[in-house]
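Student: What follows is a structure written as C-alpha cells; I'll ask about it next.
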Amino acid sequence: MYDAPSLERNVDQKEIKFSARNVQVYYGDTHAIKDVTVEIEDNTVTAFIGPSGCGKSTFLRCLNRMNDTIDVCRVEGDIRLDGEDIYDKRVDPVQLRAKVGMVFQKPNPFPKSIYDNVAYGPRIHGLARSKAELDEIVETALRRGAIWDEVKDRLDAPGTGLSGGQQQRLCIARAVATAPEVLLMDEPCSALDPIATAQVEELIDELRQSYSVIIVTHSMQQAARVSQKTAFFHLGHLVEFGETGQIFTNPVDERTESYITGRIG
Amino acid sequence: MPATWLVLIVLALSAIGYVLGRQRALQNAGGDSRALHSLPSYYGWHVALMALVPATGLLAVWLIAQPLLVENTIAGQLPDSAIPESSTRSLVMSDVRRVADGLDLAVSQGAMTRDDAATLRSEFTQVRERLAEVGVALGSDVNAAVLSAAQDYRSMSRVGNLMMTIAVLAIAALGFVYALSRTDRDFRARNVVEQGIRALLVAAASVAVLTTLGIVLSLIFNTLEFFKLYSAWDFFFGTTWAPSFGGGSELGVLPLLWGTFYISLIALLVAVPIGLFSAVYLSEYAPGKVRSVAKPLLEVLAGIPTIVYGLFALLTVGPLLVQIFGDDGVGIMQASTAVMTAGLVMGIMLIPFVSSLSDDIINAVPQAMRDGSYGLGATKSETVRQVILPAALPGIVGAILLAASRAIGETMIVVLGAGAAARLSMNPFDAMTTVTAKIVSQLTGDADFASAEALVAFALGMTLFVLTLGLNVFALFIVRKYREQYE
Ligand SMILES: Nc1ncnc2c1ncn2[C@@H]1O[C@H](COP(=O)(O)OP(=O)(O)OP(=O)(O)O)[C@@H](O)[C@H]1O
Ligand SMILES: [Mg+2]
C-alpha cells in the first residue's frame with residue numbers, strides 16, 4: 001500500500017470526518033460492538049461489510065446517536081465529528097441528526113403524502129423560505145433518489161402506498177432533502193432492482209463530491225463499485241479497515257478473506 | 001325433581017359416557033390406539049357430548065318455555081269476574097303467582113300437606129293468615145277464583161316438571177346409547193367432536209346476539225307502547241320535563257338531552273386533553289420506571305366504581321366550586337350540584353379511559369416511524385405532533401368517541417353531582433339532569449308500570465341507546481379503518 005504514492009497523496013488531502021476510538025456498545029448484557037477504532041474521511045464513500053448480526057447497523061446508529069432511542073443500549077468510547085465529541089453533554093442529538101442523515105435498513109415512509117414525506121426535514125429545519133423553494137428542494141431530492149419520474153404525477157398520494165423499492169428510494173430522497181453533511185445508509189439497495197440500484201449508486205457517487213457517505217451492504221460487488229474505503233466487521237469487532245481495492249484484492253486478515261470469498265457469513 | 005339434580009345426573013351420565021366410549025373404541029381396535037381413526041379420547045368426548053348437549057339444551061328451553069305456557073293458560077282460564085274493576089289481568093296473575101309460591105313454601109316447610117294445599121278452599125280456611133305464618137305476606141284476602149287458579153298453577157307446573165324430568169333423562173340416555181353404538185374403530189369421532197364444538201361455540205355466540213336482540217325488542221315494544229299514550233312529537237320536541245303521576249305530565253326530552261350533552265361536553269373537555277397528553281407523556285417521554293408505575297396507577301383509577309366518583313362530586317368538588325362561584329364568590333352558582341360539578345368529576349373518571357386507549361394506539365405506531373423522524377433531526381415534540389399523532393389520529397378519535405358514549409351513559413355521577421332539575425340553561429353552574437338519571441327516577445318509587453310516566457323510561461332508554469350505538473359504530477368504523485394502515 002505504501003508503494004502507491006498517488007493513492008497516498010489522495011488520502012492525505014481528505015479531512016477526517018468521523019473519528020471513533022475504542023467504541024463499545026452494549027444492549028443490556030449483550031456486547032454488540034467491541035472496541036472499534038476507525039476514522040471516516042470526508043468526501044469518501046465508506047462501506048461496512050460483514051455477516052448478519054455482526055454489528056454494522058449498531059455501529060452506524062452510534063454515529064448519529066440513534067441508539068439513544070433504545071433504552072437498553074449503552075455506548076462507551078469516544079466518537080468525534082469534525083473533532084467534536086458527539087456524545088458530549090452539550091451536544092444536541094437533534095442537531096447532530098440533522099447533520100448526519102440516515103436511511104434505514106427497512107423503508108419507513110411516514111403515513112403522509114409523498115411530497116410531505118420529502119418536505120418533512122426541510123420544513124422542520126426551515127430550509128425553504130417559500131413554497132416555490134420547497135417545491136424545488138422536494139423535486140431535486142426526488143430526482144436524486146431516482147424516483148421522480150415514477151411519482152411526479154402523484155405527489156399527493158400516500159408514501160405508504162408505494163412499492164417496497166419505491167419506498168426505499170423515497171426514504172433516500174427524504175434523507176437527502178435535509179442536506180446532511182454525512183449520510184448513513186443501512187442497506188439502501190436491499191429492496192431495489194438492478195436499475196434502481198445503479199441509480200442509487202450513481203447518487204452515492206455524486207453525493208461524495210460534497211458529503212461523506214457510509215453505506216452498509218451485503219453485496220461485495222456494490223461495496224467494490226461505490227466505496228473507496230471498506231470496513232469489515234465480524235462478531236462486533238472491526239477486523240479490517242482500509243482501501244476498498246486492497247481489502248478486496250489483498251486482505252490482511254484471514255477472516256476478511258474467508259468472508260469476501262464466501263466461506264463465512 | 002329440581003333442575004340442579006337433573007343437571008347433575010346428566011353430567012354424571014356424560015362422564016360415564018366418556019369412560020365407556022373410550023374403552024369401547026380401544027376394545028374394538030384390540031387395544032391398539034393406532035388402529036383407531038381418532039385418538040381414544042375423541043371417542044370418549046363423542047359419547048359425553050352426545051349425552052350432555054342435547055339434554056341440557058332441552059332442559060334450558062323447557063325451563064324458559066314452561067312458565068310462559070303455564071302462565072298463559074291460567075290467565076286465559078281466569079274468569080272475567082275474578083278481575084276487580086280497578087285492576088288488570090296481569091295484576092291478578094301476579095297475585096296468583098304469589099299465592100302459588102306461598103303454597104309451595106308452606107308445603108316445603110311442613111305447615112301444610114300436599115293434599116291440603118291442593119284442596120284448600122277459601123270459604124273454609126283463612127288462606128292469608130296461613131300463608132302469613134310461613135312468611136308470605138299478601139296484600140288482600142285471597143278470593144276463591146285466585147286460590148283455585150293458584151292451585152291449577154301448581155298442578156300444571158308439577159305435571160310440567162315431571163314431563164321435563166322424563167324428557168331430559170330420555171334424551172340424555174338416547175344420546176348416550178346412540179353414540180356408544182356408533183363407536184367402532186373406523187368411526188370418525190374426531191370430525192364429529194369438531195362439529196360438536198363448533199355447534200357449542202355457535203350456540204354461545206347466538207345467546208349473546210339473541211339477548212341483545214331481546215333487549216332491543218323489549219325497548220322497542222315498550223317505546224311504541226309509550227307513544228300510544230304520549231305523542232312522539234311532544235316527546236322529541238317538548239322543551240319541558242315535568243312528570244306528575246296524577247296525570248297531565250309534560251315529557252319533553254330536549255332538556256334531558258341538553259343536560260346529557262352539556263355534561264358530556266364538559267367531561268370530554270376535561271378528559272380528552274389531559275388523557276391524551278398523559279398518554280403522549282407515558283408512551284413517548286416517560287422513562288421506563290415512571291411508565292411502569294404510572295400506567296398501572298392510571299388503570300387503577302379506571303377501576304374505581306362510579307358511585308365513588310359520585311360521592312367525590314357531591315362531597316368535595318361541589319362544595320369547592322360553590323366556595324368559588326357561589327354567592328360568597330362570583331355569585332353564579334346556587335348549589336353544589338351543577339353541570340360543572342358532574343362534568344368535572346366525569347371528566348376525571350374518563351381520563352384513564354382516554355389515556356390508556358390512546359397509549360395503546362400510540363404504542364401501536366411502529367418504532368420505524370419514530371426512527372425515521374428522529375433520523376431527520378426532529379425533536380420529540382415535532383415527532384409526536386407531525387408523525388405519531390397523525391398516524392394515530394383515527395385510533396384516538398375512536399377512543400374519544402368511546403369515551404363520549406361512556407359519558408352519555410353515565411348515571412351515578414349525574415344523580416349525585418348534577419342535581420335533578422331538568423332545565424334548558426346555558427349556565428354551567430346550574431343544576432341540570434340527564435337522560436340516564438331520569439330513567440332511574442321514573443322507575444323507582446311506586447309508579448304504575450303501564451302509565452306514560454313509567455313507560456317514558458323506555459323511550460328515554462331507546463333514545464340513549466340509539467345515540468350511543470351511533471357513536472360506537474362510528475368509533476368502531478374509524479378504529480377499523482386505522483387498523484388497515486399498517487397491515
Ligand atoms: N434493539 C436491540 N436490542 C437488543 N439487541 C440488539 C438490538 N439491535 C441489535 N441487537 C443485537 O446486536 C447485534 C448486532 O446487531 P446489528 O443490527 O447491528 O447487526 P447487523 O450487522 O446490522 O446485521 P444485519 O446485516 O442482519 O442487518 C446482534 O447480535 C443483535 O442481536
Ligand atoms: Mg443491519
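Residues in the C-alpha cells are named by chain (A, B, ... in the order shown) and by number from 1 within that chain; ligands are numbered from 1 in the order shown.
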Would you list which chain A residues are within 6 Å of chain B using only C-alpha atoms, as an mmCIF file with C-alpha atoms, in the first residue's frame?
Tutor:
data_model
loop_
_atom_site.group_PDB
_atom_site.id
_atom_site.type_symbol
_atom_site.label_atom_id
_atom_site.label_comp_id
_atom_site.auth_asym_id
_atom_site.auth_seq_id
_atom_site.Cartn_x
_atom_site.Cartn_y
_atom_site.Cartn_z
ATOM 1 C CA VAL A 94 -31.349 16.549 17.326
ATOM 2 C CA ARG A 97 -29.003 14.083 13.332
ATOM 3 C CA ALA A 98 -29.803 16.989 11.072
ATOM 4 C CA MET A 102 -29.769 8.260 7.864
ATOM 5 C CA ASN A 108 -40.123 3.643 6.782
ATOM 6 C CA GLY A 121 -36.922 17.570 7.032
#
Student: Using only C-alpha atoms and all ligand atoms, find each residue of chain A with at least one atom at most 6 Å away from an atom of ligand 1; report its shortest atom-to-atom pair and that distance in Å (one decimal), sort the rows by chain and rising residue number, and return the result as JSON lines.
Tutor:
{"residue": "A:Tyr27", "atom": "CA", "partner": "ligand 1", "partner_atom_place_in_ligand_line": "4 (C)", "distance": 4.8}
{"residue": "A:Ala32", "atom": "CA", "partner": "ligand 1", "partner_atom_place_in_ligand_line": "12 (O)", "distance": 4.7}
{"residue": "A:Ser52", "atom": "CA", "partner": "ligand 1", "partner_atom_place_in_ligand_line": "25 (O)", "distance": 3.6}
{"residue": "A:Gly53", "atom": "CA", "partner": "ligand 1", "partner_atom_place_in_ligand_line": "19 (O)", "distance": 3.4}
{"residue": "A:Cys54", "atom": "CA", "partner": "ligand 1", "partner_atom_place_in_ligand_line": "21 (O)", "distance": 4.0}
{"residue": "A:Gly55", "atom": "CA", "partner": "ligand 1", "partner_atom_place_in_ligand_line": "18 (O)", "distance": 3.1}
{"residue": "A:Lys56", "atom": "CA", "partner": "ligand 1", "partner_atom_place_in_ligand_line": "21 (O)", "distance": 3.8}
{"residue": "A:Ser57", "atom": "CA", "partner": "ligand 1", "partner_atom_place_in_ligand_line": "22 (O)", "distance": 3.6}
{"residue": "A:Thr58", "atom": "CA", "partner": "ligand 1", "partner_atom_place_in_ligand_line": "18 (O)", "distance": 3.6}
Student: Could you pull out the strand (DSSP E or B) residues of stretch 62-252 of chain B from DSSP and send them as a list in words?
Tutor: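 Here are the strand (DSSP E or B) residues of stretch 62-252 of chain B: Trp241, Ala242, Glu250 and Leu251 of chain B.
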Student: Counting only C-alpha atoms, figure out which residue out of B:Phe474, B:Trp241, B:Trp45, B:Tyr230 gets nearest to B:Gly196.
Tutor: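 Of the candidates, the smallest distance to B:Gly196 is held by B:Trp45.
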Student: Give me, as a list of chain:residue names, all polymer residues having an atom no more than 8 Å from B:Gly160, counting only C-alpha atoms and skipping those fewer than 4 positions away in the same chain.
Tutor: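 Neighbouring residues, sequence-local ones excluded: B:Gln66, B:Met156, B:Met164.
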Student: For A:Ile204, find every residue with an atom within 10 Å (counting only C-alpha atoms), except residues of its own chain fewer than 5 positions away, and show them as number ranges by chain.
Tutor: A: 44-45, 144-145, 183, 185, 198-199, 209, 211-215, 226-227
Student: Give me a file of those residues, with N, CA and C atoms, as a PDB file, in the first residue's frame.
Tutor:
ATOM      1  N   THR A  44     -15.793  10.845   0.966  1.00  0.00           N
ATOM      2  CA  THR A  44     -15.434   9.455   0.717  1.00  0.00           C
ATOM      3  C   THR A  44     -16.658   8.585   0.935  1.00  0.00           C
ATOM      4  N   VAL A  45     -16.740   7.521   0.163  1.00  0.00           N
ATOM      5  CA  VAL A  45     -17.770   6.533   0.460  1.00  0.00           C
ATOM      6  C   VAL A  45     -17.098   5.402   1.214  1.00  0.00           C
ATOM      7  N   ARG A 144     -32.770  12.990  -7.124  1.00  0.00           N
ATOM      8  CA  ARG A 144     -31.553  12.341  -6.656  1.00  0.00           C
ATOM      9  C   ARG A 144     -31.858  10.962  -6.104  1.00  0.00           C
ATOM     10  N   GLY A 145     -33.053  10.780  -5.549  1.00  0.00           N
ATOM     11  CA  GLY A 145     -33.455   9.463  -5.066  1.00  0.00           C
ATOM     12  C   GLY A 145     -33.896   8.547  -6.190  1.00  0.00           C
ATOM     13  N   LEU A 183     -24.066  11.100   5.221  1.00  0.00           N
ATOM     14  CA  LEU A 183     -25.255  10.288   5.011  1.00  0.00           C
ATOM     15  C   LEU A 183     -24.941   8.843   5.386  1.00  0.00           C
ATOM     16  N   MET A 185     -26.214   5.108   5.288  1.00  0.00           N
ATOM     17  CA  MET A 185     -27.197   4.326   4.552  1.00  0.00           C
ATOM     18  C   MET A 185     -27.083   2.860   4.960  1.00  0.00           C
ATOM     19  N   ALA A 198     -28.494   0.854  -9.611  1.00  0.00           N
ATOM     20  CA  ALA A 198     -27.487   1.614 -10.354  1.00  0.00           C
ATOM     21  C   ALA A 198     -27.708   3.112 -10.151  1.00  0.00           C
ATOM     22  N   GLN A 199     -28.990   3.510 -10.145  1.00  0.00           N
ATOM     23  CA  GLN A 199     -29.273   4.939  -9.966  1.00  0.00           C
ATOM     24  C   GLN A 199     -28.861   5.405  -8.573  1.00  0.00           C
ATOM     25  N   GLN A 209     -19.064  14.033  -3.736  1.00  0.00           N
ATOM     26  CA  GLN A 209     -18.418  15.313  -4.032  1.00  0.00           C
ATOM     27  C   GLN A 209     -18.522  16.261  -2.845  1.00  0.00           C
ATOM     28  N   TYR A 211     -20.349  15.351   0.326  1.00  0.00           N
ATOM     29  CA  TYR A 211     -20.570  14.757   1.651  1.00  0.00           C
ATOM     30  C   TYR A 211     -19.658  13.580   1.873  1.00  0.00           C
ATOM     31  N   SER A 212     -19.787  13.082   3.108  1.00  0.00           N
ATOM     32  CA  SER A 212     -19.194  11.796   3.413  1.00  0.00           C
ATOM     33  C   SER A 212     -20.346  10.789   3.487  1.00  0.00           C
ATOM     34  N   VAL A 213     -20.195   9.639   2.856  1.00  0.00           N
ATOM     35  CA  VAL A 213     -21.275   8.659   2.827  1.00  0.00           C
ATOM     36  C   VAL A 213     -20.784   7.365   3.445  1.00  0.00           C
ATOM     37  N   ILE A 214     -21.586   6.794   4.338  1.00  0.00           N
ATOM     38  CA  ILE A 214     -21.251   5.472   4.874  1.00  0.00           C
ATOM     39  C   ILE A 214     -22.381   4.532   4.484  1.00  0.00           C
ATOM     40  N   ILE A 215     -22.032   3.433   3.877  1.00  0.00           N
ATOM     41  CA  ILE A 215     -23.062   2.536   3.392  1.00  0.00           C
ATOM     42  C   ILE A 215     -22.823   1.122   3.919  1.00  0.00           C
ATOM     43  N   VAL A 226     -18.905   1.133  -5.300  1.00  0.00           N
ATOM     44  CA  VAL A 226     -19.159   2.506  -4.869  1.00  0.00           C
ATOM     45  C   VAL A 226     -18.178   3.047  -3.840  1.00  0.00           C
ATOM     46  N   SER A 227     -17.483   2.181  -3.121  1.00  0.00           N
ATOM     47  CA  SER A 227     -16.753   2.712  -1.965  1.00  0.00           C
ATOM     48  C   SER A 227     -15.269   2.881  -2.253  1.00  0.00           C
TER      49      SER A 227
END
Student: Would you return as a PyMOL selection string the members of stretch 195-251 of chain B that DSSP assigns to alpha helix (DSSP H) on this structure's backbone?
Tutor: chain B and resi 195-229+232-237
Student: Now that the selection is made, can you save its residues with N, CA and C atoms as a compact mmCIF listing (two decimals), in the first residue's frame?
Tutor:
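Below is the file again-v1.txt, written as the result:
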# COMPACT_ATOMS: atom_id res chain seq x y z
N GLN B 195 -67.24 -30.90 14.98
CA GLN B 195 -68.52 -30.27 14.65
C GLN B 195 -69.30 -29.90 15.90
N GLY B 196 -69.22 -30.81 16.89
CA GLY B 196 -69.93 -30.56 18.14
C GLY B 196 -69.41 -29.29 18.80
N ILE B 197 -68.09 -29.14 18.81
CA ILE B 197 -67.51 -27.96 19.44
C ILE B 197 -67.90 -26.70 18.69
N ARG B 198 -67.91 -26.83 17.38
CA ARG B 198 -68.35 -25.71 16.56
C ARG B 198 -69.77 -25.31 16.92
N ALA B 199 -70.63 -26.33 17.08
CA ALA B 199 -72.03 -26.05 17.42
C ALA B 199 -72.11 -25.35 18.78
N LEU B 200 -71.29 -25.79 19.72
CA LEU B 200 -71.28 -25.17 21.05
C LEU B 200 -70.91 -23.69 20.94
N LEU B 201 -69.87 -23.42 20.15
CA LEU B 201 -69.42 -22.03 20.02
C LEU B 201 -70.50 -21.19 19.36
N VAL B 202 -71.12 -21.75 18.33
CA VAL B 202 -72.20 -21.02 17.66
C VAL B 202 -73.31 -20.72 18.66
N ALA B 203 -73.62 -21.73 19.50
CA ALA B 203 -74.69 -21.53 20.48
C ALA B 203 -74.34 -20.38 21.41
N ALA B 204 -73.09 -20.36 21.89
CA ALA B 204 -72.68 -19.28 22.80
C ALA B 204 -72.82 -17.93 22.12
N ALA B 205 -72.35 -17.88 20.86
CA ALA B 205 -72.43 -16.60 20.15
C ALA B 205 -73.88 -16.20 19.96
N SER B 206 -74.75 -17.18 19.66
CA SER B 206 -76.14 -16.79 19.42
C SER B 206 -76.80 -16.31 20.69
N VAL B 207 -76.42 -16.89 21.84
CA VAL B 207 -77.01 -16.40 23.09
C VAL B 207 -76.70 -14.91 23.24
N ALA B 208 -75.43 -14.57 22.99
CA ALA B 208 -75.04 -13.16 23.11
C ALA B 208 -75.85 -12.29 22.17
N VAL B 209 -75.94 -12.74 20.92
CA VAL B 209 -76.64 -11.92 19.93
C VAL B 209 -78.14 -11.86 20.25
N LEU B 210 -78.70 -13.02 20.61
CA LEU B 210 -80.14 -13.05 20.85
C LEU B 210 -80.55 -12.21 22.05
N THR B 211 -79.73 -12.25 23.12
CA THR B 211 -80.11 -11.41 24.26
C THR B 211 -80.08 -9.94 23.87
N THR B 212 -79.06 -9.56 23.12
CA THR B 212 -79.03 -8.16 22.67
C THR B 212 -80.30 -7.84 21.91
N LEU B 213 -80.62 -8.76 21.00
CA LEU B 213 -81.83 -8.57 20.19
C LEU B 213 -83.05 -8.46 21.10
N GLY B 214 -83.10 -9.33 22.10
CA GLY B 214 -84.24 -9.33 23.02
C GLY B 214 -84.35 -7.99 23.74
N ILE B 215 -83.21 -7.50 24.20
CA ILE B 215 -83.24 -6.21 24.91
C ILE B 215 -83.74 -5.11 23.98
N VAL B 216 -83.21 -5.12 22.78
CA VAL B 216 -83.63 -4.08 21.84
C VAL B 216 -85.12 -4.20 21.55
N LEU B 217 -85.59 -5.43 21.34
CA LEU B 217 -87.01 -5.61 21.04
C LEU B 217 -87.87 -5.14 22.19
N SER B 218 -87.48 -5.49 23.41
CA SER B 218 -88.30 -5.07 24.54
C SER B 218 -88.31 -3.55 24.64
N LEU B 219 -87.15 -2.95 24.37
CA LEU B 219 -87.10 -1.48 24.34
C LEU B 219 -88.08 -0.93 23.30
N ILE B 220 -88.02 -1.53 22.12
CA ILE B 220 -88.85 -1.02 21.02
C ILE B 220 -90.33 -1.16 21.36
N PHE B 221 -90.73 -2.34 21.83
CA PHE B 221 -92.16 -2.55 22.11
C PHE B 221 -92.66 -1.59 23.18
N ASN B 222 -91.87 -1.46 24.25
CA ASN B 222 -92.32 -0.57 25.31
C ASN B 222 -92.32 0.88 24.86
N THR B 223 -91.38 1.21 23.98
CA THR B 223 -91.36 2.58 23.46
C THR B 223 -92.62 2.84 22.64
N LEU B 224 -92.98 1.85 21.80
CA LEU B 224 -94.19 2.00 21.00
C LEU B 224 -95.41 2.15 21.90
N GLU B 225 -95.41 1.35 22.97
CA GLU B 225 -96.48 1.42 23.94
C GLU B 225 -96.60 2.84 24.50
N PHE B 226 -95.44 3.41 24.80
CA PHE B 226 -95.39 4.77 25.34
C PHE B 226 -95.95 5.78 24.33
N PHE B 227 -95.57 5.60 23.08
CA PHE B 227 -96.02 6.57 22.08
C PHE B 227 -97.51 6.45 21.81
N LYS B 228 -98.14 5.34 22.25
CA LYS B 228 -99.60 5.28 22.16
C LYS B 228 -100.23 6.20 23.20
N LEU B 229 -99.52 6.34 24.33
CA LEU B 229 -100.07 7.14 25.42
C LEU B 229 -99.66 8.61 25.32
N ALA B 232 -95.39 11.36 20.11
CA ALA B 232 -93.95 11.31 19.85
C ALA B 232 -93.41 12.71 19.61
N TRP B 233 -94.20 13.53 18.94
CA TRP B 233 -93.77 14.90 18.65
C TRP B 233 -93.46 15.64 19.95
N ASP B 234 -94.42 15.53 20.90
CA ASP B 234 -94.22 16.23 22.18
C ASP B 234 -93.01 15.68 22.92
N PHE B 235 -92.78 14.39 22.76
CA PHE B 235 -91.65 13.78 23.45
C PHE B 235 -90.33 14.30 22.88
N PHE B 236 -90.21 14.26 21.57
CA PHE B 236 -88.93 14.62 20.98
C PHE B 236 -88.68 16.12 20.94
N PHE B 237 -89.77 16.92 20.85
CA PHE B 237 -89.56 18.35 20.67
C PHE B 237 -90.06 19.19 21.83
Student: I'd like the interatomic distance between atom CA of B:Leu103 and atom CA of B:Ser87, to a tenth of an Å.
Tutor: 23.3 Å
Student: Which neighbours of stretch 146-163 of chain A fall inside 10 Å, counting only C-alpha atoms, when residues of the same chain fewer than 3 positions from it are skipped, and could you give them as an NGL selection string?
Tutor: (:A and (107-118 or 138-143 or 166-173 or 191 or 195-200 or 202-203)) or (:B and (485-486))
Student: Between A:Ile260, A:Ile40, A:Leu96, A:Ala177, which one has atoms that come closest to A:Gln221, using only C-alpha atoms?
Tutor: A:Ile260
Student: Near B:Gln23, counting only C-alpha atoms, which residues have an atom at most 12 Å away, once you skip same-chain residues fewer than 2 positions from it, shown as an MDAnalysis selection string?
Tutor: chainID B and resid 16:21 25:33 36 39:45 47 180 183:185
Student: Quick one: everything within 10 Å of A:His31, counting only C-alpha atoms, minus sequence neighbours fewer than 2 positions away in the same chain. Send it as number ranges by chain.
Tutor: A: 24-29, 33-34, 55, 73-74, 235-236
